[in-house]
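Notes follow once the structure below has been shown.
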Amino acid sequence: MDKVTVRQLVADAEEFAEKEVTVNGWVRNNRDQKSFGFIALNDGTHFNTIQIVYERELLPNYDQIAAMRVGSAIQATGKLVLTPEARQLFEIKATEVQLEGDSPSDYPIQPKRHSREFLREMAHLRPRTNLFNAVFRVRSLLAYAVHQFFQERGFVYLHSPIITANDAEGAGELFRVTTLDPKDPPLKDSGKVDYSSDFFGKKTNLTVSGQLEAEIFALAFKDVYTFGPTFRAENSNTPRHAAEFWMIEPEIAFADLKDNMDLAEEMVKYLINYLLDKAVTEMDFFNQFVDKGLKEKLKQIANAEFARITYAEAIEALKKIKQKFEYPVEWGKDLQTEHERCLTETIYQKPVFVTGYPRDIKAFYMRVNDDQNTVAAMDLLVPGVGEIIGGSQREERAHVLEQNMAHFKINKNDLWWYMELRKYGGVKHAGFGLGFERILMYLTGVSNIRDVIPFPRTVNSCEF
RNA sequence: UCCUCAGUAGCUCAACGGCAGAGCGACCGGCUGUUAACCGGUAGGUUGCAGGUUCGAAUCCUGCCUGGGGAGCCA
């Protein structure tokens, strides 16, 4: 009587038919009658529960089994019986059921629907529920798919640093990393904190992006990607923002903005197909209980050409449409959330790349277009979630980059190494940042980022 | 940070100035195939916190706390 997992049993039910098996797991539901009862058991290896049937005649501890409560850990042994006419494929006729870990009657997870808000307060128990079981298995699969996509294409995986002294990038508010005593920091004569006596001898923070380091590696390995945690200390409280999230940042050399969009589009489609193929049970669940029509929508997107428009065309299209906006549409201003939603949800009804944004509203490292007014930036907007990718072709011309840095008031001495990439064998290159949780939300239909991160860190919240 | 809505039993909610309730869950019992089982019964409350108005406040007012949604910032 070897122990088997539910995953093995589901995969080879016929093989195990009429044989004795032993399973370990947690009780999801237990219903007893006068002389027999049913336990719905989940062992974590498969989304579904399996049914354990126990009978008074066969089991001396029948009353104890009948009293096993939801949440208890048990071990059950019995014969696997195929039940083609019933709702489940098979069940186990128990010959022995032992309690491994009791669960008192105040176990908060009940065999009923719970609100996401309630479960969020119990991040230690919510993985045992259907929704979060599905979400976090898919999260694991999706991370694997990301690596597989890039590795299949010969990209080199770069571990960009998590602690960095770059504060020149302006991608968001920074979390300071320090070993100085906050109550009594060393001070310079000017009264300012003397970071030269801090751990690294300078002011350091958690990374807001691995992009600049990825550019270094792209100009050595040609195609690279980073995939790691990213930190932003923004005081933003929305269903789409977290202080700690994971970001995927490919960077490709000898490549322009079109190559960049091609890569992004191919990647999004690859990830969709991967999940539809490898997470059938979970995707069916999302389709049925989280976002009706999700699978059909994703299939369409995997087969559709993403729209590709310029910022100027977007402005034109938004001006033409009858819909009223709270914020006026005007060249030179960034697209508001309502504008982005209109583009992707109303006008195109599919993912949309918007390129060629005005120079002033984008970052210093983006390549200036020939018109001198716009840059080779691209955002990918998707229905429901909004922006999931932001990227650009990078400015490879040293003198233009210097002008940009001056314009954005960035000290080029701090980024001397970034400048040298342009000096020694500099070449056109491009890349983008994909929010891992954002695409996970998009692919599962789960609408709050706190529900796709195991232990979310947001403003005023760092539990578990 | 701003706007907005909401906090009542373990959970989801009702009561909206006059006795604090239901469903689910828990507990006890019944039931020979259940599968978010079903049937009967029992217990369970500082109505988020602090103050105010009133004969009387879950209900009206003020402040605070917590959570949801929207905006900004972005991935």
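If you're wondering about the labels, chains in the structure tokens are A, B, ... by order shown, residues count from 1 in each chain, ligands from 1 in order shown.
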Inset, instruction - Enumerate as a PyMOL selection string the residues belonging to chain B that approach chain A to within 10 Å, with only C-alpha atoms (C1' of nucleotides) taken into account. - result: chain B and resi 1+10-12+24-27+30-37+67-75
Legend entry - Distance query Phe325 of chain A at most 10 Å, only C-alpha atoms (C1' of nucleotides), self and fewer than 5 positions along chain excluded, as number ranges by chain: A: 318-319, 336, 338-339, 342
Legend entry - Test item: residues at most 8 Å from Arg176 of chain A, only C-alpha atoms (C1' of nucleotides), excluding those fewer than 5 positions along its chain, as an MDAnalysis selection string: chainID A and resid 203:206
Run DSSP on the backbone of this structure and report the residues of segment 201-266 of chain A it assigns to strand (DSSP E or B), as a PDB file with all heavy atoms, in the first residue's frame.
ATOM      1  N   THR A 204      21.595  53.656  -0.714  1.00  0.00           N
ATOM      2  CA  THR A 204      21.127  52.526  -1.530  1.00  0.00           C
ATOM      3  C   THR A 204      19.646  52.279  -1.298  1.00  0.00           C
ATOM      4  O   THR A 204      19.070  52.710  -0.296  1.00  0.00           O
ATOM      5  CB  THR A 204      21.899  51.241  -1.185  1.00  0.00           C
ATOM      6  OG1 THR A 204      21.836  51.024   0.228  1.00  0.00           O
ATOM      7  CG2 THR A 204      23.339  51.304  -1.647  1.00  0.00           C
ATOM      8  N   ASN A 205      19.058  51.551  -2.262  1.00  0.00           N
ATOM      9  CA  ASN A 205      17.618  51.280  -2.183  1.00  0.00           C
ATOM     10  C   ASN A 205      17.307  49.962  -2.877  1.00  0.00           C
ATOM     11  O   ASN A 205      18.167  49.372  -3.541  1.00  0.00           O
ATOM     12  CB  ASN A 205      16.840  52.416  -2.843  1.00  0.00           C
ATOM     13  CG  ASN A 205      17.412  52.793  -4.204  1.00  0.00           C
ATOM     14  OD1 ASN A 205      18.264  53.670  -4.311  1.00  0.00           O
ATOM     15  ND2 ASN A 205      16.971  52.098  -5.236  1.00  0.00           N
ATOM     16  N   LEU A 206      16.083  49.495  -2.703  1.00  0.00           N
ATOM     17  CA  LEU A 206      15.637  48.299  -3.415  1.00  0.00           C
ATOM     18  C   LEU A 206      15.344  48.664  -4.861  1.00  0.00           C
ATOM     19  O   LEU A 206      14.879  49.764  -5.153  1.00  0.00           O
ATOM     20  CB  LEU A 206      14.378  47.723  -2.754  1.00  0.00           C
ATOM     21  CG  LEU A 206      14.564  47.200  -1.329  1.00  0.00           C
ATOM     22  CD1 LEU A 206      13.217  46.734  -0.758  1.00  0.00           C
ATOM     23  CD2 LEU A 206      15.560  46.058  -1.294  1.00  0.00           C
ATOM     24  N   ASP A 223      20.442  38.679 -26.448  1.00  0.00           N
ATOM     25  CA  ASP A 223      19.064  38.556 -25.960  1.00  0.00           C
ATOM     26  C   ASP A 223      19.082  38.076 -24.514  1.00  0.00           C
ATOM     27  O   ASP A 223      19.579  36.975 -24.233  1.00  0.00           O
ATOM     28  CB  ASP A 223      18.288  37.554 -26.822  1.00  0.00           C
ATOM     29  CG  ASP A 223      18.133  38.028 -28.262  1.00  0.00           C
ATOM     30  OD1 ASP A 223      18.131  39.253 -28.481  1.00  0.00           O
ATOM     31  OD2 ASP A 223      18.026  37.170 -29.151  1.00  0.00           O
ATOM     32  N   VAL A 224      18.537  38.879 -23.624  1.00  0.00           N
ATOM     33  CA  VAL A 224      18.538  38.516 -22.204  1.00  0.00           C
ATOM     34  C   VAL A 224      17.181  38.857 -21.595  1.00  0.00           C
ATOM     35  O   VAL A 224      16.368  39.567 -22.201  1.00  0.00           O
ATOM     36  CB  VAL A 224      19.639  39.271 -21.422  1.00  0.00           C
ATOM     37  CG1 VAL A 224      21.003  39.005 -22.031  1.00  0.00           C
ATOM     38  CG2 VAL A 224      19.357  40.771 -21.366  1.00  0.00           C
ATOM     39  N   TYR A 225      16.944  38.339 -20.407  1.00  0.00           N
ATOM     40  CA  TYR A 225      15.742  38.739 -19.670  1.00  0.00           C
ATOM     41  C   TYR A 225      16.027  38.664 -18.183  1.00  0.00           C
ATOM     42  O   TYR A 225      16.870  37.898 -17.732  1.00  0.00           O
ATOM     43  CB  TYR A 225      14.549  37.859 -20.037  1.00  0.00           C
ATOM     44  CG  TYR A 225      14.616  36.424 -19.551  1.00  0.00           C
ATOM     45  CD1 TYR A 225      13.821  35.986 -18.483  1.00  0.00           C
ATOM     46  CD2 TYR A 225      15.459  35.494 -20.155  1.00  0.00           C
ATOM     47  CE1 TYR A 225      13.865  34.671 -18.051  1.00  0.00           C
ATOM     48  CE2 TYR A 225      15.507  34.175 -19.730  1.00  0.00           C
ATOM     49  CZ  TYR A 225      14.711  33.767 -18.671  1.00  0.00           C
ATOM     50  OH  TYR A 225      14.764  32.457 -18.241  1.00  0.00           O
ATOM     51  N   THR A 226      15.328  39.495 -17.446  1.00  0.00           N
ATOM     52  CA  THR A 226      15.347  39.390 -15.989  1.00  0.00           C
ATOM     53  C   THR A 226      13.950  38.948 -15.564  1.00  0.00           C
ATOM     54  O   THR A 226      12.974  39.131 -16.286  1.00  0.00           O
ATOM     55  CB  THR A 226      15.643  40.734 -15.299  1.00  0.00           C
ATOM     56  OG1 THR A 226      14.480  41.565 -15.398  1.00  0.00           O
ATOM     57  CG2 THR A 226      16.816  41.441 -15.953  1.00  0.00           C
ATOM     58  N   PHE A 227      13.866  38.347 -14.412  1.00  0.00           N
ATOM     59  CA  PHE A 227      12.562  37.957 -13.861  1.00  0.00           C
ATOM     60  C   PHE A 227      12.764  37.882 -12.360  1.00  0.00           C
ATOM     61  O   PHE A 227      13.330  36.927 -11.859  1.00  0.00           O
ATOM     62  CB  PHE A 227      12.125  36.609 -14.441  1.00  0.00           C
ATOM     63  CG  PHE A 227      10.757  36.140 -13.982  1.00  0.00           C
ATOM     64  CD1 PHE A 227       9.867  37.005 -13.365  1.00  0.00           C
ATOM     65  CD2 PHE A 227      10.369  34.829 -14.196  1.00  0.00           C
ATOM     66  CE1 PHE A 227       8.616  36.566 -12.955  1.00  0.00           C
ATOM     67  CE2 PHE A 227       9.114  34.376 -13.790  1.00  0.00           C
ATOM     68  CZ  PHE A 227       8.239  35.251 -13.168  1.00  0.00           C
ATOM     69  N   GLY A 228      12.323  38.902 -11.660  1.00  0.00           N
ATOM     70  CA  GLY A 228      12.574  38.933 -10.232  1.00  0.00           C
ATOM     71  C   GLY A 228      11.724  39.960  -9.533  1.00  0.00           C
ATOM     72  O   GLY A 228      10.935  40.662 -10.160  1.00  0.00           O
ATOM     73  N   PRO A 229      11.890  40.043  -8.203  1.00  0.00           N
ATOM     74  CA  PRO A 229      11.086  40.981  -7.434  1.00  0.00           C
ATOM     75  C   PRO A 229      11.483  42.428  -7.675  1.00  0.00           C
ATOM     76  O   PRO A 229      12.632  42.714  -7.968  1.00  0.00           O
ATOM     77  CB  PRO A 229      11.369  40.574  -5.987  1.00  0.00           C
ATOM     78  CG  PRO A 229      12.699  39.910  -6.031  1.00  0.00           C
ATOM     79  CD  PRO A 229      12.802  39.247  -7.373  1.00  0.00           C
ATOM     80  N   THR A 230      10.523  43.289  -7.577  1.00  0.00           N
ATOM     81  CA  THR A 230      10.685  44.708  -7.848  1.00  0.00           C
ATOM     82  C   THR A 230       9.918  45.458  -6.759  1.00  0.00           C
ATOM     83  O   THR A 230       8.889  44.971  -6.289  1.00  0.00           O
ATOM     84  CB  THR A 230      10.088  45.031  -9.231  1.00  0.00           C
ATOM     85  OG1 THR A 230      10.629  44.115 -10.179  1.00  0.00           O
ATOM     86  CG2 THR A 230      10.394  46.437  -9.656  1.00  0.00           C
ATOM     87  N   PHE A 231      10.432  46.616  -6.380  1.00  0.00           N
ATOM     88  CA  PHE A 231       9.860  47.300  -5.215  1.00  0.00           C
ATOM     89  C   PHE A 231       9.556  48.757  -5.519  1.00  0.00           C
ATOM     90  O   PHE A 231      10.417  49.477  -6.021  1.00  0.00           O
ATOM     91  CB  PHE A 231      10.844  47.204  -4.047  1.00  0.00           C
ATOM     92  CG  PHE A 231      11.263  45.793  -3.735  1.00  0.00           C
ATOM     93  CD1 PHE A 231      12.363  45.234  -4.377  1.00  0.00           C
ATOM     94  CD2 PHE A 231      10.547  45.011  -2.854  1.00  0.00           C
ATOM     95  CE1 PHE A 231      12.746  43.914  -4.125  1.00  0.00           C
ATOM     96  CE2 PHE A 231      10.913  43.695  -2.593  1.00  0.00           C
ATOM     97  CZ  PHE A 231      12.022  43.146  -3.231  1.00  0.00           C
ATOM     98  N   GLU A 244       5.559  45.275  -3.554  1.00  0.00           N
ATOM     99  CA  GLU A 244       6.507  44.239  -3.972  1.00  0.00           C
ATOM    100  C   GLU A 244       5.829  43.395  -5.035  1.00  0.00           C
ATOM    101  O   GLU A 244       4.774  42.814  -4.778  1.00  0.00           O
ATOM    102  CB  GLU A 244       6.894  43.368  -2.770  1.00  0.00           C
ATOM    103  CG  GLU A 244       7.806  42.212  -3.113  1.00  0.00           C
ATOM    104  CD  GLU A 244       8.133  41.350  -1.894  1.00  0.00           C
ATOM    105  OE1 GLU A 244       8.457  41.921  -0.832  1.00  0.00           O
ATOM    106  OE2 GLU A 244       8.036  40.127  -1.996  1.00  0.00           O
ATOM    107  N   PHE A 245       6.405  43.375  -6.214  1.00  0.00           N
ATOM    108  CA  PHE A 245       5.818  42.575  -7.291  1.00  0.00           C
ATOM    109  C   PHE A 245       6.938  42.028  -8.149  1.00  0.00           C
ATOM    110  O   PHE A 245       8.108  42.367  -7.956  1.00  0.00           O
ATOM    111  CB  PHE A 245       4.855  43.421  -8.128  1.00  0.00           C
ATOM    112  CG  PHE A 245       5.495  44.582  -8.838  1.00  0.00           C
ATOM    113  CD1 PHE A 245       5.856  44.501 -10.175  1.00  0.00           C
ATOM    114  CD2 PHE A 245       5.743  45.765  -8.162  1.00  0.00           C
ATOM    115  CE1 PHE A 245       6.455  45.566 -10.830  1.00  0.00           C
ATOM    116  CE2 PHE A 245       6.340  46.840  -8.798  1.00  0.00           C
ATOM    117  CZ  PHE A 245       6.694  46.746 -10.144  1.00  0.00           C
ATOM    118  N   TRP A 246       6.593  41.148  -9.056  1.00  0.00           N
ATOM    119  CA  TRP A 246       7.607  40.538  -9.912  1.00  0.00           C
ATOM    120  C   TRP A 246       7.490  41.096 -11.317  1.00  0.00           C
ATOM    121  O   TRP A 246       6.391  41.298 -11.822  1.00  0.00           O
ATOM    122  CB  TRP A 246       7.476  39.014  -9.914  1.00  0.00           C
ATOM    123  CG  TRP A 246       8.043  38.406  -8.668  1.00  0.00           C
ATOM    124  CD1 TRP A 246       7.670  38.699  -7.383  1.00  0.00           C
ATOM    125  CD2 TRP A 246       9.106  37.461  -8.574  1.00  0.00           C
ATOM    126  NE1 TRP A 246       8.439  37.978  -6.491  1.00  0.00           N
ATOM    127  CE2 TRP A 246       9.322  37.214  -7.201  1.00  0.00           C
ATOM    128  CE3 TRP A 246       9.898  36.794  -9.518  1.00  0.00           C
ATOM    129  CZ2 TRP A 246      10.294  36.318  -6.747  1.00  0.00           C
ATOM    130  CZ3 TRP A 246      10.855  35.900  -9.056  1.00  0.00           C
ATOM    131  CH2 TRP A 246      11.057  35.676  -7.687  1.00  0.00           C
ATOM    132  N   MET A 247       8.658  41.336 -11.905  1.00  0.00           N
ATOM    133  CA  MET A 247       8.647  41.926 -13.222  1.00  0.00           C
ATOM    134  C   MET A 247       9.555  41.121 -14.141  1.00  0.00           C
ATOM    135  O   MET A 247      10.585  40.609 -13.725  1.00  0.00           O
ATOM    136  CB  MET A 247       9.089  43.389 -13.159  1.00  0.00           C
ATOM    137  CG  MET A 247       8.872  44.141 -14.450  1.00  0.00           C
ATOM    138  SD  MET A 247       8.653  45.910 -14.204  1.00  0.00           S
ATOM    139  CE  MET A 247      10.225  46.380 -13.517  1.00  0.00           C
ATOM    140  N   ILE A 248       9.138  41.024 -15.399  1.00  0.00           N
ATOM    141  CA  ILE A 248       9.901  40.340 -16.431  1.00  0.00           C
ATOM    142  C   ILE A 248      10.401  41.417 -17.373  1.00  0.00           C
ATOM    143  O   ILE A 248       9.600  42.200 -17.889  1.00  0.00           O
ATOM    144  CB  ILE A 248       8.997  39.357 -17.191  1.00  0.00           C
ATOM    145  CG1 ILE A 248       8.433  38.319 -16.233  1.00  0.00           C
ATOM    146  CG2 ILE A 248       9.744  38.720 -18.353  1.00  0.00           C
ATOM    147  CD1 ILE A 248       7.059  37.834 -16.637  1.00  0.00           C
ATOM    148  N   GLU A 249      11.708  41.477 -17.579  1.00  0.00           N
ATOM    149  CA  GLU A 249      12.258  42.536 -18.414  1.00  0.00           C
ATOM    150  C   GLU A 249      13.222  41.982 -19.457  1.00  0.00           C
ATOM    151  O   GLU A 249      14.408  41.865 -19.196  1.00  0.00           O
ATOM    152  CB  GLU A 249      12.954  43.583 -17.541  1.00  0.00           C
ATOM    153  CG  GLU A 249      12.004  44.330 -16.627  1.00  0.00           C
ATOM    154  CD  GLU A 249      12.722  45.336 -15.743  1.00  0.00           C
ATOM    155  OE1 GLU A 249      13.437  44.906 -14.816  1.00  0.00           O
ATOM    156  OE2 GLU A 249      12.583  46.534 -15.985  1.00  0.00           O
ATOM    157  N   PRO A 250      12.692  41.639 -20.633  1.00  0.00           N
ATOM    158  CA  PRO A 250      13.596  41.241 -21.708  1.00  0.00           C
ATOM    159  C   PRO A 250      14.302  42.454 -22.299  1.00  0.00           C
ATOM    160  O   PRO A 250      13.760  43.566 -22.282  1.00  0.00           O
ATOM    161  CB  PRO A 250      12.666  40.593 -22.741  1.00  0.00           C
ATOM    162  CG  PRO A 250      11.318  41.099 -22.439  1.00  0.00           C
ATOM    163  CD  PRO A 250      11.282  41.550 -21.024  1.00  0.00           C
ATOM    164  N   GLU A 251      15.490  42.241 -22.803  1.00  0.00           N
ATOM    165  CA  GLU A 251      16.246  43.305 -23.468  1.00  0.00           C
ATOM    166  C   GLU A 251      16.955  42.669 -24.653  1.00  0.00           C
ATOM    167  O   GLU A 251      17.636  41.655 -24.487  1.00  0.00           O
ATOM    168  CB  GLU A 251      17.249  43.915 -22.464  1.00  0.00           C
ATOM    169  CG  GLU A 251      17.864  45.224 -22.905  1.00  0.00           C
ATOM    170  CD  GLU A 251      16.887  46.409 -22.849  1.00  0.00           C
ATOM    171  OE1 GLU A 251      15.972  46.399 -22.015  1.00  0.00           O
ATOM    172  OE2 GLU A 251      17.044  47.338 -23.674  1.00  0.00           O
ATOM    173  N   ILE A 252      16.743  43.222 -25.836  1.00  0.00           N
ATOM    174  CA  ILE A 252      17.276  42.590 -27.039  1.00  0.00           C
ATOM    175  C   ILE A 252      18.114  43.582 -27.827  1.00  0.00           C
ATOM    176  O   ILE A 252      17.729  44.735 -28.021  1.00  0.00           O
ATOM    177  CB  ILE A 252      16.142  42.019 -27.930  1.00  0.00           C
ATOM    178  CG1 ILE A 252      15.040  43.057 -28.177  1.00  0.00           C
ATOM    179  CG2 ILE A 252      15.541  40.768 -27.268  1.00  0.00           C
ATOM    180  CD1 ILE A 252      13.893  42.568 -29.054  1.00  0.00           C
ATOM    181  N   ALA A 253      19.309  43.126 -28.291  1.00  0.00           N
ATOM    182  CA  ALA A 253      20.226  43.994 -29.028  1.00  0.00           C
ATOM    183  C   ALA A 253      20.066  43.779 -30.525  1.00  0.00           C
ATOM    184  O   ALA A 253      19.547  42.745 -30.953  1.00  0.00           O
ATOM    185  CB  ALA A 253      21.664  43.724 -28.597  1.00  0.00           C
TER     186      ALA A 253
END
Inset, instruction - Please provide as an NGL selection string all residues within 12 Å of Ala11 of chain A, with the sequence filter that same-chain residues fewer than 4 positions apart are discarded (counting only C-alpha atoms (C1' of nucleotides)). - result: :A and (4-7 or 15-17 or 45-46 or 89-90)
Inset, instruction - May I have all residues of segment 87-216 of chain A that DSSP, computed from the backbone, assigns to helix (DSSP H, G or I), given as a ChimeraX atom specification? - result: /A:116-120,126-128,130-152,195-197,211-216
Legend entry - Selected residue of minimal separation from Phe150 of chain A among A:Ala94, A:Ile347, A:Leu99, A:Tyr270, counting only C-alpha atoms: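 Closest to Phe150 of chain A, using only C-alpha atoms: A:Tyr270.
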Inset, instruction - Have a look at atom CA of Gln211 of chain A and atom CA of Arg153 of chain A and let me know their distance in Å, one decimal. - result: 19.5 Å
